[in-house]
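The data block below is final-v8.pdb; it holds PDB, C-alpha atoms, pLDDT in the B column.
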```pdb
ATOM      1  CA  MET S 270     127.500  19.464 223.675  1.00 36.00           C
ATOM      2  CA  ALA S 271     130.730  21.189 222.800  1.00 38.00           C
ATOM      3  CA  ILE S 272     131.655  18.636 220.133  1.00 37.00           C
ATOM      4  CA  TRP S 273     128.770  19.735 217.935  1.00 45.00           C
ATOM      5  CA  SER S 274     129.617  23.411 218.002  1.00 44.00           C
ATOM      6  CA  LYS S 275     132.995  22.554 216.436  1.00 42.00           C
ATOM      7  CA  GLU S 276     131.673  20.106 213.840  1.00 43.00           C
ATOM      8  CA  PHE S 277     128.564  21.965 212.764  1.00 45.00           C
ATOM      9  CA  SER S 278     128.901  25.598 211.880  1.00 41.00           C
ATOM     10  CA  ILE S 279     125.244  26.388 211.410  1.00 41.00           C
ATOM     11  CA  GLU S 280     123.733  29.528 212.775  1.00 42.00           C
ATOM     12  CA  MET S 281     120.661  28.315 214.634  1.00 42.00           C
ATOM     13  CA  LYS S 282     118.031  30.886 215.482  1.00 43.00           C
ATOM     14  CA  CYS S 283     114.638  30.377 217.002  1.00 43.00           C
ATOM     15  CA  VAL S 284     112.163  30.144 214.135  1.00 42.00           C
ATOM     16  CA  ASN S 285     108.545  29.117 214.661  1.00 43.00           C
ATOM     17  CA  GLY S 286     109.216  27.803 218.157  1.00 46.00           C
ATOM     18  CA  VAL S 287     112.075  25.522 217.118  1.00 50.00           C
ATOM     19  CA  GLY S 288     115.330  26.673 218.597  1.00 57.00           C
ATOM     20  CA  ARG S 289     118.894  25.570 218.858  1.00 60.00           C
ATOM     21  CA  ASP S 290     118.257  23.739 222.129  1.00 65.00           C
ATOM     22  CA  GLY S 291     115.352  21.729 220.728  1.00 78.00           C
ATOM     23  CA  ILE S 292     117.445  20.439 217.861  1.00 85.00           C
ATOM     24  CA  GLU S 293     120.808  20.276 219.596  1.00 86.00           C
ATOM     25  CA  VAL S 294     119.545  17.664 222.048  1.00 85.00           C
ATOM     26  CA  HIS S 295     119.117  15.251 219.121  1.00 87.00           C
ATOM     27  CA  LEU S 296     122.235  16.049 217.070  1.00 89.00           C
ATOM     28  CA  LYS S 297     124.336  13.134 218.258  1.00 89.00           C
ATOM     29  CA  ARG S 298     121.672  10.547 217.436  1.00 89.00           C
ATOM     30  CA  LEU S 299     120.818  12.253 214.172  1.00 91.00           C
ATOM     31  CA  TYR S 300     124.485  12.078 213.242  1.00 91.00           C
ATOM     32  CA  GLY S 301     124.639   8.372 214.123  1.00 88.00           C
ATOM     33  CA  TYR S 302     121.600   7.675 211.978  1.00 87.00           C
ATOM     34  CA  ALA S 303     122.961   9.804 209.130  1.00 90.00           C
ATOM     35  CA  TYR S 304     126.314   8.023 209.299  1.00 88.00           C
ATOM     36  CA  SER S 305     124.603   4.637 209.182  1.00 84.00           C
ATOM     37  CA  LEU S 306     122.754   5.729 206.049  1.00 84.00           C
ATOM     38  CA  THR S 307     125.702   7.325 204.250  1.00 85.00           C
ATOM     39  CA  GLY S 308     128.789   5.552 205.594  1.00 83.00           C
ATOM     40  CA  ASP S 309     130.699   8.824 205.341  1.00 85.00           C
ATOM     41  CA  ALA S 310     131.344  11.288 208.178  1.00 90.00           C
ATOM     42  CA  ASP S 311     131.256  14.368 205.935  1.00 91.00           C
ATOM     43  CA  ASP S 312     128.037  13.316 204.195  1.00 90.00           C
ATOM     44  CA  ALA S 313     126.504  12.532 207.592  1.00 91.00           C
ATOM     45  CA  ARG S 314     127.411  15.991 208.909  1.00 93.00           C
ATOM     46  CA  ASP S 315     125.956  17.571 205.761  1.00 93.00           C
ATOM     47  CA  LEU S 316     122.719  15.616 206.229  1.00 93.00           C
ATOM     48  CA  VAL S 317     122.431  16.648 209.873  1.00 93.00           C
ATOM     49  CA  GLN S 318     123.082  20.271 208.958  1.00 93.00           C
ATOM     50  CA  GLU S 319     120.451  20.120 206.218  1.00 93.00           C
ATOM     51  CA  THR S 320     118.020  18.532 208.681  1.00 91.00           C
ATOM     52  CA  ALA S 321     118.614  21.274 211.250  1.00 91.00           C
ATOM     53  CA  LEU S 322     118.144  24.014 208.678  1.00 91.00           C
ATOM     54  CA  LYS S 323     114.912  22.479 207.377  1.00 90.00           C
ATOM     55  CA  ALA S 324     113.621  22.076 210.925  1.00 89.00           C
ATOM     56  CA  LEU S 325     114.393  25.699 211.727  1.00 88.00           C
ATOM     57  CA  LYS S 326     112.571  26.872 208.609  1.00 87.00           C
ATOM     58  CA  ALA S 327     109.516  24.633 209.132  1.00 85.00           C
ATOM     59  CA  LYS S 328     106.132  26.306 209.548  1.00 85.00           C
ATOM     60  CA  HIS S 329     104.480  23.444 211.444  1.00 84.00           C
ATOM     61  CA  VAL S 330     106.508  21.828 214.202  1.00 85.00           C
ATOM     62  CA  PRO S 331     105.386  18.993 216.517  1.00 84.00           C
ATOM     63  CA  THR S 332     105.048  20.163 220.101  1.00 81.00           C
ATOM     64  CA  ASP S 333     105.625  16.976 222.099  1.00 81.00           C
ATOM     65  CA  VAL S 334     109.165  15.610 222.402  1.00 82.00           C
ATOM     66  CA  PRO S 335     108.679  12.097 220.915  1.00 83.00           C
ATOM     67  CA  ALA S 336     106.839  13.486 217.894  1.00 85.00           C
ATOM     68  CA  PHE S 337     109.473  16.211 217.470  1.00 88.00           C
ATOM     69  CA  ARG S 338     112.277  13.627 217.577  1.00 87.00           C
ATOM     70  CA  ALA S 339     110.548  11.359 215.052  1.00 86.00           C
ATOM     71  CA  TRP S 340     109.899  14.408 212.863  1.00 89.00           C
ATOM     72  CA  LEU S 341     113.622  15.296 212.862  1.00 91.00           C
ATOM     73  CA  PHE S 342     114.565  11.738 211.886  1.00 89.00           C
ATOM     74  CA  ARG S 343     111.967  11.789 209.103  1.00 89.00           C
ATOM     75  CA  ILE S 344     113.423  15.054 207.769  1.00 91.00           C
ATOM     76  CA  LEU S 345     116.890  13.446 207.795  1.00 91.00           C
ATOM     77  CA  ARG S 346     115.634  10.302 206.083  1.00 88.00           C
ATOM     78  CA  ASN S 347     113.882  12.300 203.370  1.00 88.00           C
ATOM     79  CA  ALA S 348     116.951  14.505 202.889  1.00 90.00           C
ATOM     80  CA  ASN S 349     119.010  11.349 202.390  1.00 88.00           C
ATOM     81  CA  ILE S 350     116.516   9.997 199.857  1.00 85.00           C
ATOM     82  CA  ASP S 351     116.698  13.313 197.992  1.00 85.00           C
ATOM     83  CA  ARG S 352     120.513  13.175 198.087  1.00 85.00           C
ATOM     84  CA  LEU S 353     120.495   9.630 196.693  1.00 81.00           C
ATOM     85  CA  ARG S 354     118.152  10.660 193.909  1.00 78.00           C
ATOM     86  CA  ARG S 355     120.502  13.513 193.001  1.00 77.00           C
ATOM     87  CA  LYS S 356     123.471  11.154 192.974  1.00 72.00           C
ATOM     88  CA  LYS S 357     121.674   8.430 191.040  1.00 64.00           C
ATOM     89  CA  GLY S 358     124.133   5.909 189.697  1.00 48.00           C
ATOM     90  CA  ILE S 359     126.843   6.597 192.291  1.00 45.00           C
ATOM     91  CA  GLN S 360     127.517   3.886 194.826  1.00 42.00           C
ATOM     92  CA  THR S 361     126.427   5.036 198.310  1.00 36.00           C
ATOM     93  CA  GLU S 362     127.079   1.908 200.389  1.00 39.00           C
ATOM     94  CA  LEU S 363     129.292   1.928 203.494  1.00 36.00           C
ATOM     95  CA  GLU S 364     133.011   1.503 202.831  1.00 39.00           C
ATOM     96  CA  LEU S 365     134.028  -2.107 203.446  1.00 36.00           C
ATOM     97  CA  ILE S 366     136.918  -1.133 205.683  1.00 37.00           C
ATOM     98  CA  ASP S 367     138.107   2.216 206.970  1.00 44.00           C
ATOM     99  CA  GLU S 368     141.488   2.876 205.305  1.00 44.00           C
ATOM    100  CA  ASN S 369     143.170   3.694 208.600  1.00 43.00           C
ATOM    101  CA  LEU S 370     142.038   0.428 210.168  1.00 44.00           C
ATOM    102  CA  ALA S 371     142.908  -1.638 207.104  1.00 47.00           C
ATOM    103  CA  SER S 372     146.629  -0.953 207.396  1.00 45.00           C
ATOM    104  CA  ASP S 373     146.641  -2.034 211.059  1.00 45.00           C
ATOM    105  CA  TYR S 374     144.126  -4.860 210.620  1.00 46.00           C
ATOM    106  CA  TRP S 375     146.234  -7.654 212.065  1.00 47.00           C
ATOM    107  CA  CYS S 376     147.541  -5.542 214.967  1.00 46.00           C
ATOM    108  CA  GLN S 377     144.105  -4.790 216.417  1.00 46.00           C
ATOM    109  CA  HIS S 378     142.465  -6.430 219.388  1.00 56.00           C
ATOM    110  CA  ASP S 379     139.513  -8.782 219.026  1.00 60.00           C
ATOM    111  CA  VAL S 380     137.040  -6.011 219.849  1.00 62.00           C
ATOM    112  CA  GLN S 381     138.311  -3.873 217.003  1.00 65.00           C
ATOM    113  CA  ILE S 382     138.313  -6.808 214.604  1.00 66.00           C
ATOM    114  CA  ASN S 383     134.712  -7.562 215.578  1.00 69.00           C
ATOM    115  CA  LEU S 384     133.808  -3.907 215.036  1.00 73.00           C
ATOM    116  CA  ILE S 385     135.303  -3.997 211.548  1.00 74.00           C
ATOM    117  CA  THR S 386     133.461  -7.231 210.775  1.00 78.00           C
ATOM    118  CA  VAL S 387     130.128  -5.820 211.899  1.00 78.00           C
ATOM    119  CA  LYS S 388     130.731  -2.559 209.972  1.00 81.00           C
ATOM    120  CA  GLN S 389     131.519  -4.531 206.832  1.00 82.00           C
ATOM    121  CA  CYS S 390     128.505  -6.768 207.221  1.00 84.00           C
ATOM    122  CA  PHE S 391     126.262  -3.810 208.072  1.00 85.00           C
ATOM    123  CA  GLY S 392     127.361  -2.204 204.814  1.00 84.00           C
ATOM    124  CA  LYS S 393     126.369  -5.319 202.872  1.00 87.00           C
ATOM    125  CA  LEU S 394     122.782  -5.175 204.148  1.00 88.00           C
ATOM    126  CA  SER S 395     120.019  -3.691 202.050  1.00 90.00           C
ATOM    127  CA  THR S 396     119.115  -0.066 202.657  1.00 87.00           C
ATOM    128  CA  GLY S 397     115.885  -1.103 204.386  1.00 89.00           C
ATOM    129  CA  HIS S 398     117.704  -3.408 206.786  1.00 92.00           C
ATOM    130  CA  ARG S 399     120.369  -0.802 207.578  1.00 90.00           C
ATOM    131  CA  GLU S 400     117.724   1.840 208.111  1.00 90.00           C
ATOM    132  CA  ILE S 401     115.631  -0.109 210.635  1.00 92.00           C
ATOM    133  CA  ILE S 402     118.698  -1.279 212.593  1.00 91.00           C
ATOM    134  CA  ALA S 403     120.039   2.280 212.637  1.00 88.00           C
ATOM    135  CA  LEU S 404     116.790   3.694 213.988  1.00 89.00           C
ATOM    136  CA  ILE S 405     116.231   1.092 216.715  1.00 89.00           C
ATOM    137  CA  ASP S 406     119.654  -0.225 217.698  1.00 87.00           C
ATOM    138  CA  ILE S 407     121.938   2.703 216.910  1.00 83.00           C
ATOM    139  CA  SER S 408     119.707   5.735 217.486  1.00 84.00           C
ATOM    140  CA  GLY S 409     117.807   4.138 220.348  1.00 85.00           C
ATOM    141  CA  MET S 410     114.317   4.889 219.083  1.00 87.00           C
ATOM    142  CA  SER S 411     111.298   3.018 220.319  1.00 90.00           C
ATOM    143  CA  TYR S 412     109.314   0.891 217.877  1.00 93.00           C
ATOM    144  CA  VAL S 413     106.579   3.532 217.860  1.00 92.00           C
ATOM    145  CA  GLU S 414     109.045   6.324 217.038  1.00 90.00           C
ATOM    146  CA  ALA S 415     110.689   4.287 214.278  1.00 91.00           C
ATOM    147  CA  GLY S 416     107.267   3.461 212.869  1.00 92.00           C
ATOM    148  CA  SER S 417     106.459   7.153 212.825  1.00 89.00           C
ATOM    149  CA  VAL S 418     109.704   7.999 211.004  1.00 88.00           C
ATOM    150  CA  LEU S 419     109.181   5.253 208.414  1.00 90.00           C
ATOM    151  CA  ASP S 420     105.401   5.740 208.292  1.00 90.00           C
ATOM    152  CA  ILE S 421     104.705   2.057 208.995  1.00 93.00           C
ATOM    153  CA  PRO S 422     102.826   0.208 211.779  1.00 94.00           C
ATOM    154  CA  VAL S 423     104.654  -0.968 214.914  1.00 94.00           C
ATOM    155  CA  GLY S 424     104.145  -4.635 213.972  1.00 94.00           C
ATOM    156  CA  THR S 425     105.878  -4.012 210.655  1.00 94.00           C
ATOM    157  CA  VAL S 426     108.746  -2.307 212.491  1.00 94.00           C
ATOM    158  CA  MET S 427     109.182  -5.378 214.708  1.00 94.00           C
ATOM    159  CA  SER S 428     109.122  -7.842 211.810  1.00 94.00           C
ATOM    160  CA  ARG S 429     111.497  -5.740 209.689  1.00 93.00           C
ATOM    161  CA  LEU S 430     113.867  -5.374 212.635  1.00 94.00           C
ATOM    162  CA  SER S 431     113.800  -9.110 213.245  1.00 93.00           C
ATOM    163  CA  ARG S 432     114.577  -9.835 209.591  1.00 94.00           C
ATOM    164  CA  ALA S 433     117.296  -7.175 209.518  1.00 93.00           C
ATOM    165  CA  ARG S 434     118.991  -8.544 212.638  1.00 91.00           C
ATOM    166  CA  ARG S 435     118.858 -12.081 211.215  1.00 92.00           C
ATOM    167  CA  ALA S 436     120.355 -10.826 207.945  1.00 92.00           C
ATOM    168  CA  LEU S 437     123.150  -9.050 209.851  1.00 89.00           C
ATOM    169  CA  MET S 438     123.909 -12.170 211.895  1.00 88.00           C
ATOM    170  CA  ALA S 439     123.929 -14.296 208.736  1.00 88.00           C
ATOM    171  CA  GLU S 440     126.398 -11.864 207.130  1.00 86.00           C
ATOM    172  CA  VAL S 441     128.608 -11.919 210.228  1.00 82.00           C
ATOM    173  CA  ASN S 442     128.557 -15.722 210.353  1.00 82.00           C
ATOM    174  CA  ASP S 443     129.225 -16.044 206.618  1.00 76.00           C
ATOM    175  CA  ASP S 444     131.983 -13.445 206.829  1.00 62.00           C
ATOM    176  CA  ALA S 445     133.664 -15.245 209.745  1.00 61.00           C
ATOM    177  CA  ILE S 446     134.168 -18.430 207.733  1.00 59.00           C
ATOM    178  CA  VAL S 447     137.093 -17.905 205.391  1.00 57.00           C
ATOM    179  CA  PRO S 448     138.595 -20.866 203.557  1.00 59.00           C
ATOM    180  CA  LEU S 449     142.294 -21.367 204.097  1.00 58.00           C
ATOM    181  CA  PRO S 450     144.550 -21.319 201.061  1.00 66.00           C
ATOM    182  CA  VAL S 451     145.565 -24.748 199.840  1.00 68.00           C
ATOM    183  CA  LYS S 452     149.155 -25.338 198.788  1.00 68.00           C
ATOM    184  CA  MET S 453     149.564 -27.361 195.661  1.00 69.00           C
ATOM    185  CA  THR S 454     152.458 -29.797 196.022  1.00 62.00           C
TER     186      THR S 454
END
```

Go through the file and emit its structure as structure tokens.
Amino acid sequence: MAIWSKEFSIEMKCVNGVGRDGIEVHLKRLYGYAYSLTGDADDARDLVQETALKALKAKHVPTDVPAFRAWLFRILRNANIDRLRRKKGIQTELELIDENLASDYWCQHDVQINLITVKQCFGKLSTGHREIIALIDISGMSYVEAGSVLDIPVGTVMSRLSRARRALMAEVNDDAIVPLPVKMT
């Protein structure tokens, strides 16, 4: 993936059986998950870089692919938790609207308007709801893999995902209903 070599300038060496190829396969999904957690492209890239470095330095590495993938996502999640603890008191929610899209808001097509609406509503969800949707719907993990990352049973993953999707739909529906201004005559 040529895009990652430009965006991530980390020197990946083979350490303890984990090499560049083993991690590089998952970079795009790790970035998507990191972006959904941080709402900022630079912070997401930093998290992915930190994840890759920690994975390369790890002494014990899972050998099968699904466990390795879940392990990488868990490293990223924990790195994000550590980052939030360091930045305690600073707002870390997604931006309500990307500044570039805000200026052209009314000129966009319906698809772009829907994308903005979903991004806004996604940002309003609790961290737990954003996290489970990001793992399953954005990163494409199975319920078992997501359960492994979050250290919860598969049944809990399914119920949390159901609640998170309902919360997102409720936000989208609430956000779509905007009262019209009333002229006082």

Let me have the centre and edge lengths of the axis-aligned box enclosing all listed atoms of segment 304-318 of chain S with 6 Å padding on every side, in Å to one decimal, as JSON.
```
{"center_x": 126.9, "center_y": 12.5, "center_z": 207.0, "size_x": 20.9, "size_y": 27.6, "size_z": 17.7}
```

Pick out the closest residue to Leu299 of chain S from this set: S:Leu341, S:Ile405, S:Cys390, S:Ala433. Count all atoms listed in the file.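 The closest residue to Leu299 of chain S is S:Leu341.
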
Nearest residue to Ser395 of chain S from the set S:Glu414, S:Ser431, S:Ala436, S:Arg352 (distances using all atoms listed in the file): S:Ala436

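Minimum atom-to-atom distance to Val294 of chain S, evaluated using all atoms listed in the file, belongs to S:Arg338 out of S:Arg314, S:Arg429, S:Arg343, S:Arg338.
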
Determine the residue set returned by the PyMOL selection byres ((chain S and resi 296) around 10) for the present structure, and present it as an MDAnalysis selection string. chainID S and resid 270 273 277 291:295 297:302 314 317:318 320:321 341

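Nearest to Arg432 of chain S of all the residues S:Ala313, S:Ile402, S:Val330, S:Met410 is S:Ile402, counting only C-alpha atoms.
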
Can you pull out every residue within 8 Å of Trp340 of chain S, counting all atoms listed in the file, but drop anything in the same chain fewer than 3 positions away, and send it as a ChimeraX atom specification? /S:331,336-337,343-344,418

Explicit residue set for the PyMOL selection byres ((chain S and resi 415) around 10), as a PDB file with C-alpha atoms, keeping the file's coordinate frame:
```
ATOM      1  CA  ALA S 339     110.548  11.359 215.052  1.00 86.00           C
ATOM      2  CA  PHE S 342     114.565  11.738 211.886  1.00 89.00           C
ATOM      3  CA  ARG S 343     111.967  11.789 209.103  1.00 89.00           C
ATOM      4  CA  GLU S 400     117.724   1.840 208.111  1.00 90.00           C
ATOM      5  CA  ILE S 401     115.631  -0.109 210.635  1.00 92.00           C
ATOM      6  CA  ILE S 402     118.698  -1.279 212.593  1.00 91.00           C
ATOM      7  CA  ALA S 403     120.039   2.280 212.637  1.00 88.00           C
ATOM      8  CA  LEU S 404     116.790   3.694 213.988  1.00 89.00           C
ATOM      9  CA  ILE S 405     116.231   1.092 216.715  1.00 89.00           C
ATOM     10  CA  SER S 408     119.707   5.735 217.486  1.00 84.00           C
ATOM     11  CA  GLY S 409     117.807   4.138 220.348  1.00 85.00           C
ATOM     12  CA  MET S 410     114.317   4.889 219.083  1.00 87.00           C
ATOM     13  CA  SER S 411     111.298   3.018 220.319  1.00 90.00           C
ATOM     14  CA  TYR S 412     109.314   0.891 217.877  1.00 93.00           C
ATOM     15  CA  VAL S 413     106.579   3.532 217.860  1.00 92.00           C
ATOM     16  CA  GLU S 414     109.045   6.324 217.038  1.00 90.00           C
ATOM     17  CA  GLY S 416     107.267   3.461 212.869  1.00 92.00           C
ATOM     18  CA  SER S 417     106.459   7.153 212.825  1.00 89.00           C
ATOM     19  CA  VAL S 418     109.704   7.999 211.004  1.00 88.00           C
ATOM     20  CA  LEU S 419     109.181   5.253 208.414  1.00 90.00           C
ATOM     21  CA  ASP S 420     105.401   5.740 208.292  1.00 90.00           C
ATOM     22  CA  ILE S 421     104.705   2.057 208.995  1.00 93.00           C
ATOM     23  CA  PRO S 422     102.826   0.208 211.779  1.00 94.00           C
ATOM     24  CA  VAL S 423     104.654  -0.968 214.914  1.00 94.00           C
ATOM     25  CA  VAL S 426     108.746  -2.307 212.491  1.00 94.00           C
ATOM     26  CA  MET S 427     109.182  -5.378 214.708  1.00 94.00           C
TER      27      MET S 427
END
```

So the first atom is atom CA of Lys326 of chain S and the second is atom CA of Asp309 of chain S; what is the distance between them in Å, to one decimal place?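 If I compute the distance from atom CA of Lys326 of chain S to atom CA of Asp309 of chain S, I get 25.8 Å.
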
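Here atom CA of Arg346 of chain S stands at a distance of 11.4 Å from atom CA of Tyr304 of chain S.
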
Please provide the set of residues having any atom within 8 Å of Asn349 of chain S, restricted to all atoms listed in the file, with same-chain residues fewer than 2 positions apart removed, written as a list of chain:residue names.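 Skipping anything fewer than 2 positions along the chain leaves S:Ala303, S:Leu306, S:Leu316, S:Leu345, S:Arg346, S:Asn347, S:Asp351, S:Arg352, S:Leu353.
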
Atom CA of Val334 of chain S sits from atom CA of Asp315 of chain S at a separation of 23.7 Å
